[in-house]
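> See data.pdb below, with PDB, C-alpha atoms and all ligand atoms.
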MODEL        1
ATOM      1  CA  MET A  30      -3.899 -12.316  14.474
ATOM      2  CA  ASN A  31      -6.408 -14.665  12.898
ATOM      3  CA  TYR A  32      -4.999 -17.175  10.490
ATOM      4  CA  SER A  33      -7.694 -19.303   8.990
ATOM      5  CA  GLY A  34      -5.437 -21.892   7.332
ATOM      6  CA  ASN A  35      -5.183 -25.325   8.902
ATOM      7  CA  ASP A  36      -1.974 -26.581   7.410
ATOM      8  CA  ALA A  37       1.259 -26.944   9.312
ATOM      9  CA  SER A  38       2.953 -23.933   7.798
ATOM     10  CA  TYR A  39       0.243 -21.607   9.081
ATOM     11  CA  LYS A  40       0.574 -23.071  12.564
ATOM     12  CA  GLU A  41       4.278 -22.565  12.466
ATOM     13  CA  PHE A  42       3.768 -19.036  11.281
ATOM     14  CA  GLN A  43       1.412 -18.426  14.190
ATOM     15  CA  GLY A  44       3.973 -19.636  16.716
ATOM     16  CA  LYS A  45       6.438 -16.891  15.936
ATOM     17  CA  ASP A  46       9.286 -18.331  17.985
ATOM     18  CA  LYS A  47       9.161 -21.635  16.171
ATOM     19  CA  PHE A  48       9.138 -20.020  12.763
ATOM     20  CA  ARG A  49      11.962 -21.101  10.468
ATOM     21  CA  LEU A  50      12.578 -20.089   6.909
ATOM     22  CA  VAL A  51      13.152 -23.204   4.847
ATOM     23  CA  GLY A  52      16.021 -22.737   2.455
ATOM     24  CA  TYR A  53      16.954 -19.335   3.780
ATOM     25  CA  SER A  54      20.562 -18.679   2.945
ATOM     26  CA  GLU A  55      22.983 -18.659   5.862
ATOM     27  CA  ALA A  56      24.962 -16.116   3.889
ATOM     28  CA  SER A  57      21.982 -13.789   3.953
ATOM     29  CA  PRO A  58      22.848 -10.330   5.238
ATOM     30  CA  ILE A  59      20.213 -10.852   7.940
ATOM     31  CA  ASN A  60      22.437 -13.507   9.492
ATOM     32  CA  ASP A  61      25.613 -11.506   9.014
ATOM     33  CA  ASN A  62      27.488 -11.254  12.306
ATOM     34  CA  LYS A  63      29.259  -8.123  11.155
ATOM     35  CA  LEU A  64      25.893  -6.423  11.006
ATOM     36  CA  LYS A  65      25.830  -5.333  14.636
ATOM     37  CA  ALA A  66      29.132  -3.566  14.444
ATOM     38  CA  ALA A  67      28.318  -1.814  11.197
ATOM     39  CA  GLY A  68      24.721  -0.772  11.656
ATOM     40  CA  LYS A  69      22.359  -1.065   8.772
ATOM     41  CA  VAL A  70      18.974   0.174   7.646
ATOM     42  CA  TYR A  71      16.455  -2.144   6.001
ATOM     43  CA  LEU A  72      13.830  -0.251   4.077
ATOM     44  CA  VAL A  73      10.945  -2.696   4.292
ATOM     45  CA  GLY A  74       7.555  -2.711   2.589
ATOM     46  CA  ALA A  75       4.773  -3.994   4.848
ATOM     47  CA  GLY A  76       2.119  -4.389   2.150
ATOM     48  CA  PRO A  77      -1.372  -2.896   2.351
ATOM     49  CA  GLY A  78      -2.529  -4.357   5.672
ATOM     50  CA  ASP A  79      -3.254  -8.083   5.675
ATOM     51  CA  PRO A  80      -0.308  -9.446   7.704
ATOM     52  CA  GLU A  81      -0.141 -12.538   5.522
ATOM     53  CA  LEU A  82       0.869 -10.331   2.605
ATOM     54  CA  LEU A  83       4.163  -9.556   4.303
ATOM     55  CA  THR A  84       7.164 -11.160   2.608
ATOM     56  CA  LEU A  85       9.117 -13.808   4.524
ATOM     57  CA  LYS A  86      12.134 -11.540   4.383
ATOM     58  CA  ALA A  87      10.194  -8.682   5.964
ATOM     59  CA  TYR A  88       8.858 -11.008   8.661
ATOM     60  CA  LYS A  89      12.309 -12.235   9.594
ATOM     61  CA  LEU A  90      13.733  -8.733   9.684
ATOM     62  CA  LEU A  91      10.904  -7.593  11.964
ATOM     63  CA  GLN A  92      11.693 -10.436  14.325
ATOM     64  CA  ASN A  93      15.369  -9.467  14.499
ATOM     65  CA  ALA A  94      15.201  -5.680  14.405
ATOM     66  CA  GLU A  95      16.682  -3.575  17.179
ATOM     67  CA  VAL A  96      14.923  -0.402  16.126
ATOM     68  CA  VAL A  97      11.787  -0.100  13.993
ATOM     69  CA  LEU A  98      10.608   3.236  12.618
ATOM     70  CA  TYR A  99       7.099   2.814  11.265
ATOM     71  CA  ASP A 100       4.392   4.834   9.542
ATOM     72  CA  SER A 101       0.717   5.244  10.453
ATOM     73  CA  LEU A 102      -0.386   2.960   7.633
ATOM     74  CA  ILE A 103       1.129  -0.104   9.308
ATOM     75  CA  SER A 104      -1.625  -2.366  10.655
ATOM     76  CA  ASP A 105      -1.637  -3.513  14.289
ATOM     77  CA  ASP A 106      -1.393  -7.138  13.217
ATOM     78  CA  ILE A 107       1.935  -6.384  11.576
ATOM     79  CA  LEU A 108       3.211  -4.355  14.527
ATOM     80  CA  GLN A 109       2.575  -7.416  16.686
ATOM     81  CA  MET A 110       5.077  -9.371  14.611
ATOM     82  CA  ILE A 111       7.941  -7.147  15.699
ATOM     83  CA  GLY A 112      10.334  -8.825  18.142
ATOM     84  CA  VAL A 113       9.739  -7.840  21.777
ATOM     85  CA  LYS A 114      13.219  -6.390  22.222
ATOM     86  CA  ALA A 115      12.916  -3.858  19.424
ATOM     87  CA  GLU A 116      12.577  -0.164  20.124
ATOM     88  CA  LEU A 117       9.456   1.031  18.308
ATOM     89  CA  ILE A 118       9.364   4.555  16.949
ATOM     90  CA  HIS A 119       6.150   5.842  15.381
ATOM     91  CA  VAL A 120       6.947   8.446  12.760
ATOM     92  CA  GLY A 121       3.450   8.344  11.281
ATOM     93  CA  LYS A 122       2.547  10.168   8.183
ATOM     94  CA  ARG A 123      -0.897  10.898   6.852
ATOM     95  CA  ALA A 124      -2.120  13.615   4.538
ATOM     96  CA  ASN A 125      -1.794  16.965   6.334
ATOM     97  CA  CYS A 126      -0.703  15.330   9.599
ATOM     98  CA  HIS A 127       2.919  14.404  10.227
ATOM     99  CA  ILE A 128       4.123  13.182  13.603
ATOM    100  CA  ALA A 129       7.752  13.594  12.513
ATOM    101  CA  SER A 130       8.987  15.646   9.565
ATOM    102  CA  GLN A 131      10.843  13.914   6.759
ATOM    103  CA  SER A 132      14.131  15.457   7.867
ATOM    104  CA  GLN A 133      13.568  14.254  11.467
ATOM    105  CA  ILE A 134      12.920  10.744  10.157
ATOM    106  CA  ASN A 135      16.078  10.876   8.050
ATOM    107  CA  GLN A 136      18.064  12.070  11.056
ATOM    108  CA  LYS A 137      16.754   9.271  13.283
ATOM    109  CA  LEU A 138      17.627   6.651  10.687
ATOM    110  CA  VAL A 139      21.162   7.956  10.410
ATOM    111  CA  GLU A 140      21.628   8.262  14.182
ATOM    112  CA  HIS A 141      20.469   4.739  14.988
ATOM    113  CA  ALA A 142      22.490   3.174  12.183
ATOM    114  CA  GLN A 143      25.589   5.090  13.256
ATOM    115  CA  LYS A 144      25.149   3.656  16.761
ATOM    116  CA  GLY A 145      25.483   0.219  15.162
ATOM    117  CA  SER A 146      21.835  -0.821  15.340
ATOM    118  CA  MET A 147      19.948  -3.068  12.997
ATOM    119  CA  VAL A 148      17.227  -0.657  11.926
ATOM    120  CA  VAL A 149      14.037  -1.476  10.056
ATOM    121  CA  ARG A 150      12.300   1.396   8.354
ATOM    122  CA  LEU A 151       8.825  -0.038   7.909
ATOM    123  CA  LYS A 152       6.543   1.495   5.328
ATOM    124  CA  GLY A 153       3.050   0.683   4.096
ATOM    125  CA  GLY A 154       2.831  -1.028   0.717
ATOM    126  CA  ASP A 155       6.042  -0.834  -1.273
ATOM    127  CA  PRO A 156       8.701   1.627  -0.104
ATOM    128  CA  PHE A 157       9.497   2.738  -3.649
ATOM    129  CA  ILE A 158       5.921   3.546  -4.634
ATOM    130  CA  PHE A 159       4.816   6.901  -3.256
ATOM    131  CA  GLY A 160       6.657   6.045  -0.062
ATOM    132  CA  ARG A 161       9.584   8.472  -0.181
ATOM    133  CA  GLY A 162      11.831   5.423   0.022
ATOM    134  CA  GLY A 163      14.169   6.856  -2.574
ATOM    135  CA  GLU A 164      14.568  10.100  -0.622
ATOM    136  CA  GLU A 165      15.440   8.239   2.573
ATOM    137  CA  LEU A 166      17.978   6.051   0.794
ATOM    138  CA  GLN A 167      19.643   9.133  -0.709
ATOM    139  CA  VAL A 168      20.247  10.426   2.804
ATOM    140  CA  LEU A 169      21.622   7.058   3.942
ATOM    141  CA  SER A 170      23.858   6.909   0.898
ATOM    142  CA  ASP A 171      25.118  10.456   1.538
ATOM    143  CA  ASN A 172      26.002   9.351   5.086
ATOM    144  CA  GLN A 173      27.655   6.125   3.886
ATOM    145  CA  ILE A 174      25.242   3.924   5.786
ATOM    146  CA  ASN A 175      24.578   0.377   4.597
ATOM    147  CA  TYR A 176      21.070  -0.409   3.505
ATOM    148  CA  GLU A 177      18.864  -2.925   1.764
ATOM    149  CA  VAL A 178      15.401  -2.611   0.298
ATOM    150  CA  VAL A 179      12.693  -5.228   0.791
ATOM    151  CA  PRO A 180       9.799  -4.665  -1.621
ATOM    152  CA  GLY A 181       6.217  -4.921  -0.437
ATOM    153  CA  ILE A 182       2.881  -5.418  -2.123
ATOM    154  CA  THR A 183       1.755  -1.973  -3.157
ATOM    155  CA  ALA A 184      -1.798  -0.799  -2.467
ATOM    156  CA  ALA A 185      -2.739  -0.942  -6.172
ATOM    157  CA  SER A 186      -1.911  -4.603  -6.345
ATOM    158  CA  GLY A 187      -3.204  -5.654  -2.921
ATOM    159  CA  CYS A 188      -6.443  -3.665  -2.946
ATOM    160  CA  SER A 189      -7.392  -4.561  -6.509
ATOM    161  CA  SER A 190      -6.771  -8.264  -5.834
ATOM    162  CA  TYR A 191      -8.917  -8.226  -2.694
ATOM    163  CA  ALA A 192     -11.649  -6.301  -4.518
ATOM    164  CA  GLY A 193     -11.752  -8.740  -7.447
ATOM    165  CA  ILE A 194     -10.621  -6.082  -9.926
ATOM    166  CA  PRO A 195      -7.870  -7.279 -12.267
ATOM    167  CA  LEU A 196      -5.732  -4.246 -13.094
ATOM    168  CA  THR A 197      -5.265  -5.488 -16.637
ATOM    169  CA  HIS A 198      -7.559  -7.621 -18.756
ATOM    170  CA  ARG A 199      -7.110  -8.373 -22.429
ATOM    171  CA  ASP A 200     -10.579  -7.040 -23.243
ATOM    172  CA  PHE A 201     -10.509  -3.855 -21.167
ATOM    173  CA  ALA A 202      -7.080  -2.507 -20.182
ATOM    174  CA  GLN A 203      -3.649  -2.919 -21.699
ATOM    175  CA  SER A 204      -1.824  -0.696 -19.233
ATOM    176  CA  VAL A 205      -1.990   0.548 -15.653
ATOM    177  CA  ARG A 206      -1.099   4.004 -14.379
ATOM    178  CA  LEU A 207      -0.231   4.610 -10.731
ATOM    179  CA  ILE A 208      -0.799   8.261  -9.898
ATOM    180  CA  THR A 209      -0.376  10.292  -6.747
ATOM    181  CA  ALA A 210      -3.076  12.885  -6.322
ATOM    182  CA  HIS A 211      -0.897  14.603  -3.712
ATOM    183  CA  GLN A 212       1.819  16.533  -5.523
ATOM    184  CA  LYS A 213       5.001  18.097  -4.125
ATOM    185  CA  GLN A 214       4.669  21.003  -6.480
ATOM    186  CA  GLN A 215       1.561  22.529  -7.989
ATOM    187  CA  GLU A 216      -0.534  20.581 -10.446
ATOM    188  CA  THR A 217       1.737  18.463 -12.632
ATOM    189  CA  ILE A 218      -0.708  15.722 -13.600
ATOM    190  CA  ASP A 219      -1.033  15.104 -17.342
ATOM    191  CA  TRP A 220      -4.831  14.695 -17.389
ATOM    192  CA  HIS A 221      -4.909  14.461 -21.153
ATOM    193  CA  SER A 222      -2.891  11.233 -21.257
ATOM    194  CA  LEU A 223      -4.791   9.842 -18.261
ATOM    195  CA  ALA A 224      -8.098  10.332 -20.037
ATOM    196  CA  ALA A 225      -7.160   7.826 -22.765
ATOM    197  CA  GLU A 226      -9.183   4.622 -22.936
ATOM    198  CA  LYS A 227      -8.112   0.990 -22.424
ATOM    199  CA  GLN A 228      -6.056   1.672 -19.338
ATOM    200  CA  THR A 229      -6.631   1.417 -15.611
ATOM    201  CA  LEU A 230      -5.912   4.433 -13.428
ATOM    202  CA  VAL A 231      -5.005   3.969  -9.781
ATOM    203  CA  PHE A 232      -4.983   7.121  -7.667
ATOM    204  CA  TYR A 233      -3.098   7.043  -4.383
ATOM    205  CA  MET A 234      -3.869   9.747  -1.799
ATOM    206  CA  GLY A 235      -6.839  10.763  -3.905
ATOM    207  CA  LEU A 236      -9.651  10.836  -1.354
ATOM    208  CA  LEU A 237      -9.511  14.567  -0.612
ATOM    209  CA  ARG A 238      -9.057  15.313  -4.313
ATOM    210  CA  ASN A 239     -11.803  13.057  -5.637
ATOM    211  CA  LYS A 240     -13.722  15.928  -7.253
ATOM    212  CA  VAL A 241     -10.635  17.203  -9.070
ATOM    213  CA  ILE A 242      -9.950  13.672 -10.315
ATOM    214  CA  SER A 243     -13.421  13.067 -11.764
ATOM    215  CA  ASP A 244     -13.874  16.592 -13.129
ATOM    216  CA  SER A 245     -10.449  16.675 -14.768
ATOM    217  CA  LEU A 246     -10.762  13.254 -16.398
ATOM    218  CA  ILE A 247     -14.227  14.081 -17.776
ATOM    219  CA  LYS A 248     -13.033  17.505 -18.948
ATOM    220  CA  HIS A 249     -10.183  15.846 -20.826
ATOM    221  CA  GLY A 250     -12.508  13.452 -22.606
ATOM    222  CA  LEU A 251     -12.921  10.323 -20.488
ATOM    223  CA  ASN A 252     -16.475   8.975 -20.596
ATOM    224  CA  ALA A 253     -18.411  10.166 -17.513
ATOM    225  CA  LYS A 254     -19.878   6.658 -17.249
ATOM    226  CA  THR A 255     -16.490   4.975 -16.839
ATOM    227  CA  PRO A 256     -16.667   2.612 -13.825
ATOM    228  CA  VAL A 257     -14.832   3.721 -10.675
ATOM    229  CA  ALA A 258     -14.100   1.987  -7.402
ATOM    230  CA  VAL A 259     -13.109   3.406  -4.047
ATOM    231  CA  ILE A 260     -11.384   0.811  -1.885
ATOM    232  CA  GLU A 261     -11.169   1.731   1.790
ATOM    233  CA  ASN A 262      -8.877  -0.247   4.114
ATOM    234  CA  GLY A 263      -8.015  -2.636   1.314
ATOM    235  CA  THR A 264      -6.992  -6.196   2.299
ATOM    236  CA  ARG A 265      -7.997  -5.581   5.944
ATOM    237  CA  GLU A 266     -10.902  -7.130   7.779
ATOM    238  CA  ASN A 267     -12.807  -3.835   7.494
ATOM    239  CA  GLN A 268     -12.234  -3.418   3.751
ATOM    240  CA  ARG A 269     -15.019  -1.625   1.876
ATOM    241  CA  VAL A 270     -15.327  -1.550  -1.893
ATOM    242  CA  LEU A 271     -17.714   0.989  -3.392
ATOM    243  CA  THR A 272     -18.287   1.177  -7.101
ATOM    244  CA  GLY A 273     -20.108   3.514  -9.407
ATOM    245  CA  ARG A 274     -19.564   5.837 -12.357
ATOM    246  CA  LEU A 275     -16.863   8.449 -12.758
ATOM    247  CA  ASP A 276     -19.382  11.285 -12.554
ATOM    248  CA  GLN A 277     -20.677   9.833  -9.250
ATOM    249  CA  LEU A 278     -17.283   9.640  -7.557
ATOM    250  CA  SER A 279     -17.872  12.491  -5.105
ATOM    251  CA  GLU A 280     -21.305  11.176  -4.128
ATOM    252  CA  LEU A 281     -19.815   7.747  -3.578
ATOM    253  CA  VAL A 282     -17.163   9.154  -1.254
ATOM    254  CA  GLU A 283     -19.467  11.492   0.650
ATOM    255  CA  GLU A 284     -22.555   9.305   0.984
ATOM    256  CA  ASN A 285     -20.535   6.385   2.267
ATOM    257  CA  ASP A 286     -18.306   8.559   4.471
ATOM    258  CA  ILE A 287     -15.147   6.991   3.027
ATOM    259  CA  GLN A 288     -12.064   7.430   5.194
ATOM    260  CA  MET A 289      -8.322   7.037   4.640
ATOM    261  CA  PRO A 290      -6.554   4.942   3.586
ATOM    262  CA  SER A 291      -8.469   4.664   0.352
ATOM    263  CA  LEU A 292      -7.529   4.004  -3.210
ATOM    264  CA  ILE A 293      -9.446   5.186  -6.277
ATOM    265  CA  LEU A 294      -9.539   2.966  -9.368
ATOM    266  CA  VAL A 295     -10.866   4.194 -12.706
ATOM    267  CA  GLY A 296     -11.417   1.996 -15.740
ATOM    268  CA  GLU A 297     -13.593  -0.636 -17.311
ATOM    269  CA  VAL A 298     -11.956  -3.434 -15.315
ATOM    270  CA  VAL A 299     -13.757  -2.123 -12.226
ATOM    271  CA  ALA A 300     -17.035  -3.542 -13.499
ATOM    272  CA  LEU A 301     -15.575  -7.056 -13.184
ATOM    273  CA  SER A 302     -15.686  -6.818  -9.383
ATOM    274  CA  LYS A 303     -19.355  -7.747  -9.446
ATOM    275  CA  GLN A 304     -18.445 -11.149 -10.812
ATOM    276  CA  LEU A 305     -14.987 -11.602  -9.289
ATOM    277  CA  ALA A 306     -15.180 -10.141  -5.762
ATOM    278  CA  TRP A 307     -14.277 -12.768  -3.173
ATOM    279  CA  PHE A 308     -13.116 -11.028   0.014
ATOM    280  CA  ASN A 309     -15.575  -9.693   2.644
ATOM    281  CA  THR A 310     -18.264  -9.641   0.015
ATOM    282  CA  THR A 311     -21.166  -9.027   2.388
ATOM    283  CA  GLY A 312     -21.998  -5.370   2.909
ATOM    284  CA  GLU A 313     -20.743  -4.141  -0.433
ATOM    285  CA  VAL A 314     -22.801  -1.735  -2.454
ATOM    286  CA  LYS A 315     -24.042  -4.070  -5.128
ATOM    287  CA  ALA A 316     -26.546  -1.683  -6.706
ATOM    288  CA  SER A 317     -23.951   0.717  -7.975
ATOM    289  CA  THR A 318     -21.837  -2.170  -9.246
ATOM    290  CA  GLU A 319     -24.797  -3.305 -11.276
ATOM    291  CA  SER A 320     -25.101   0.106 -12.841
ATOM    292  CA  ALA A 321     -21.429  -0.091 -13.785
ATOM    293  CA  MET A 322     -22.067  -3.431 -15.503
ATOM    294  CA  ARG A 323     -24.961  -1.914 -17.457
ATOM    295  CA  VAL A 324     -22.603   0.769 -18.724
ATOM    296  CA  LEU A 325     -20.202  -1.834 -20.062
ATOM    297  CA  SER A 326     -22.852  -3.901 -21.772
ATOM    298  CA  ALA A 327     -24.590  -0.833 -23.283
TER     299      ALA A 327
HETATM  300  N1  LIG A 401       3.912   3.004  -0.380
HETATM  301  C1  LIG A 401       2.490   2.775  -0.336
HETATM  302  C2  LIG A 401       1.701   4.020  -0.679
HETATM  303  C3  LIG A 401       1.870   5.158   0.302
HETATM  304  S1  LIG A 401       0.884   6.533  -0.118
HETATM  305  C4  LIG A 401       2.124   1.625  -1.252
HETATM  306  O1  LIG A 401       2.960   1.165  -2.021
HETATM  307  O2  LIG A 401       0.997   1.165  -1.185
HETATM  308  C5  LIG A 401      -0.548   6.262   0.900
HETATM  309  C6  LIG A 401      -1.760   5.971   0.051
HETATM  310  O3  LIG A 401      -1.744   4.607  -0.366
HETATM  311  C7  LIG A 401      -3.068   6.123   0.776
HETATM  312  O4  LIG A 401      -3.488   7.474   0.812
HETATM  313  C8  LIG A 401      -3.978   5.279  -0.067
HETATM  314  O5  LIG A 401      -4.355   5.952  -1.240
HETATM  315  C9  LIG A 401      -3.066   4.127  -0.466
HETATM  316  N2  LIG A 401      -3.206   2.969   0.431
HETATM  317  C10 LIG A 401      -2.249   2.390   1.147
HETATM  318  N3  LIG A 401      -2.714   1.312   1.826
HETATM  319  C11 LIG A 401      -4.021   1.215   1.515
HETATM  320  C12 LIG A 401      -5.077   0.320   1.884
HETATM  321  N4  LIG A 401      -4.874  -0.706   2.719
HETATM  322  N5  LIG A 401      -6.298   0.534   1.371
HETATM  323  C13 LIG A 401      -6.539   1.555   0.527
HETATM  324  N6  LIG A 401      -5.593   2.431   0.137
HETATM  325  C14 LIG A 401      -4.345   2.274   0.622
ENDMDL
END
Kindly return the structure encoded in the file as structure tokens.

Amino acid sequence: MNYSGNDASYKEFQGKDKFRLVGYSEASPINDNKLKAAGKVYLVGAGPGDPELLTLKAYKLLQNAEVVLYDSLISDDILQMIGVKAELIHVGKRANCHIASQSQINQKLVEHAQKGSMVVRLKGGDPFIFGRGGEELQVLSDNQINYEVVPGITAASGCSSYAGIPLTHRDFAQSVRLITAHQKQQETIDWHSLAAEKQTLVFYMGLLRNKVISDSLIKHGLNAKTPVAVIENGTRENQRVLTGRLDQLSELVEENDIQMPSLILVGEVVALSKQLAWFNTTGEVKASTESAMRVLSA
């Protein structure tokens, strides 16, 4: 892990064993002695990748966990924060490639909690945003297993911040839509309402469906010149931000060989990244950003 900060709190954070949470309630369920006997599952959001975006609560739970079930999206830096005694179980999930099925994951959660373990179910981003967190909790609830949910920074929030793209802006977008391009059933996306102006669209799991996204939005009336961004590995050291126009989305993805995890943003706010980008700014594709700015000022 590379922490660049010089102040004392960073140093303490680096020395995991010395880490103490100031003001952390002794009555917190994390410190509850009854916990071992009962068994409990903590559904924890790990954020989009940068380990410093983890919440303090998540960090402490990772240090104390007996069993951690984690997804593929979890960055190595975060895995290194898990206490050495914990049993690590990779149940990775990526589009079209599942190491464990959802029902196997559910079963493992129930089994370990019933044995009395303190279980952390670690998910990328926020567990309640396209993370199947609700489905896993339903199973725990059905089996009368105690649980808590620790929210995480979702990809929309983390990636847009690190790309210098404010999701809302009084001049350009009054609302934000988070959309999954990967549907359980056949096409249920309301393209008509998504094609309205003055909003920012954030597509999760959209990489393989980028052509459908751009074609459908244009077909339903969104300006083909609307700025788009593809953010690959957002908030991580290898983050890439590529920007262009909606009708260039496929070219952008193919020419730059964009890989997962990637987020697609559509809306006028994207053009602000030229001025506001601050993270890993070398190596970005500035030319296409400039064309997006020309669209806005036209
Ligand atoms: N629960 C997660 C989302 C899981 S769905 C959350 O709240 O963020 C997985 C999708 O999230 C990926 O296909 C990608 O579209 C997006 N994603 C997650 N982390 C990302 C990252 N670091 N950079 C870009 N996209 C990311």
> Since I can't run it myself right now, could you work out what the PyMOL selection byres (((chain A and resi 246-249) around 9) and not hetatm) selects here and report it as a list in words?
Trp220, His221, Ser222, Leu223, Ala224, Ala225, Val241, Ile242, Ser243, Asp244, Ser245, Gly250, Leu251, Asn252, Ala253, Leu275 and Asp276 of chain A
> Write the residues you've just listed into a file as a PDB file, keeping the file's coordinate frame, and include C-alpha atoms for each of them.

ATOM      1  CA  TRP A 220      -4.831  14.695 -17.389  1.00  0.00           C
ATOM      2  CA  HIS A 221      -4.909  14.461 -21.153  1.00  0.00           C
ATOM      3  CA  SER A 222      -2.891  11.233 -21.257  1.00  0.00           C
ATOM      4  CA  LEU A 223      -4.791   9.842 -18.261  1.00  0.00           C
ATOM      5  CA  ALA A 224      -8.098  10.332 -20.037  1.00  0.00           C
ATOM      6  CA  ALA A 225      -7.160   7.826 -22.765  1.00  0.00           C
ATOM      7  CA  VAL A 241     -10.635  17.203  -9.070  1.00  0.00           C
ATOM      8  CA  ILE A 242      -9.950  13.672 -10.315  1.00  0.00           C
ATOM      9  CA  SER A 243     -13.421  13.067 -11.764  1.00  0.00           C
ATOM     10  CA  ASP A 244     -13.874  16.592 -13.129  1.00  0.00           C
ATOM     11  CA  SER A 245     -10.449  16.675 -14.768  1.00  0.00           C
ATOM     12  CA  GLY A 250     -12.508  13.452 -22.606  1.00  0.00           C
ATOM     13  CA  LEU A 251     -12.921  10.323 -20.488  1.00  0.00           C
ATOM     14  CA  ASN A 252     -16.475   8.975 -20.596  1.00  0.00           C
ATOM     15  CA  ALA A 253     -18.411  10.166 -17.513  1.00  0.00           C
ATOM     16  CA  LEU A 275     -16.863   8.449 -12.758  1.00  0.00           C
ATOM     17  CA  ASP A 276     -19.382  11.285 -12.554  1.00  0.00           C
TER      18      ASP A 276
END
> Set the cut-off to 7 Å, count only C-alpha atoms and all ligand atoms, and list whatever residues fall near ligand LIG 401 (chain A) as a PyMOL selection string.
chain A and resi 76-78+102+152-160+182-185+188+232-235+260-265+289-292
> What is the distance, in Å and to one decimal place, between CA of Asn175 (chain A) and CA of Lys69 (chain A)?
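Between CA of Asn175 (chain A) and CA of Lys69 (chain A) the gap is 4.9 Å.
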> Using only C-alpha atoms for the distances, tell me which of A:Val178, A:Leu151, A:Ile218, A:Leu90 is nearest to Ile118 (chain A).
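Selected residue with least distance to Ile118 (chain A): A:Leu151.
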> Please measure the separation of CA of Gly273 (chain A) and CA of Val295 (chain A), giving the value in Å to one decimal.
9.8 Å
> Which residue gives the smallest distance to Ile103 (chain A) among A:Val139, A:Val148, A:Leu207, A:Ala75, with all atoms listed in the file counted?
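With all atoms listed in the file as the atom set, the closest residue is A:Ala75.
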> Apply the PyMOL selection byres (((chain A and resi 94) around 10) and not hetatm) to the file shown and report the selected residues as a short mmCIF file (atom, residue, chain, number, x, y, z; two decimals) with C-alpha atoms, keeping the file's coordinate frame.

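And here's part.cif as it stands now:
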data_model
loop_
_atom_site.label_atom_id
_atom_site.label_comp_id
_atom_site.auth_asym_id
_atom_site.auth_seq_id
_atom_site.Cartn_x
_atom_site.Cartn_y
_atom_site.Cartn_z
CA ILE A 59 20.21 -10.85 7.94
CA VAL A 70 18.97 0.17 7.65
CA TYR A 71 16.45 -2.14 6.00
CA LYS A 89 12.31 -12.24 9.59
CA LEU A 90 13.73 -8.73 9.68
CA LEU A 91 10.90 -7.59 11.96
CA GLN A 92 11.69 -10.44 14.32
CA ASN A 93 15.37 -9.47 14.50
CA GLU A 95 16.68 -3.58 17.18
CA VAL A 96 14.92 -0.40 16.13
CA VAL A 97 11.79 -0.10 13.99
CA ILE A 111 7.94 -7.15 15.70
CA GLY A 112 10.33 -8.82 18.14
CA VAL A 113 9.74 -7.84 21.78
CA LYS A 114 13.22 -6.39 22.22
CA ALA A 115 12.92 -3.86 19.42
CA GLU A 116 12.58 -0.16 20.12
CA LEU A 117 9.46 1.03 18.31
CA SER A 146 21.84 -0.82 15.34
CA MET A 147 19.95 -3.07 13.00
CA VAL A 148 17.23 -0.66 11.93
CA VAL A 149 14.04 -1.48 10.06
CA ARG A 150 12.30 1.40 8.35
#
> Between CA of Asn239 (chain A) and CA of Trp307 (chain A), what is the spacing in Å?
26.1 Å
> Go through A:Asn309, A:Gln109, A:Ser279, A:Gln173 and flag the residue nearest Asn267 (chain A), using all atoms listed in the file for the distances.
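Among A:Asn309, A:Gln109, A:Ser279, A:Gln173, it is A:Asn309 that comes nearest to Asn267 (chain A).
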> (-11.9, -7.1, -5.6) in this file's frame - what residues fall within 12 Å of it? Use only C-alpha atoms and give the answer as an NGL selection string.
:A and (185-196 or 258-261 or 263-264 or 268-272 or 294 or 298-310 or 313 or 318)
> Residue by residue, what does the PyMOL selection byres (((chain A and resi 203) around 12) and not hetatm) grab here? Present the result as a list of chain:residue names.
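Those residues are A:Pro195, A:Leu196, A:Thr197, A:His198, A:Arg199, A:Asp200, A:Phe201, A:Ala202, A:Ser204, A:Val205, A:Arg206, A:Ala225, A:Glu226, A:Lys227, A:Gln228, A:Thr229, A:Leu230, A:Gly296, A:Glu297, A:Val298.
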> Closest to Leu108 (chain A) among A:Leu85, A:Ile134, A:Leu237, A:Asp79, using only C-alpha atoms?
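Result for the nearest residue to Leu108 (chain A): A:Asp79.
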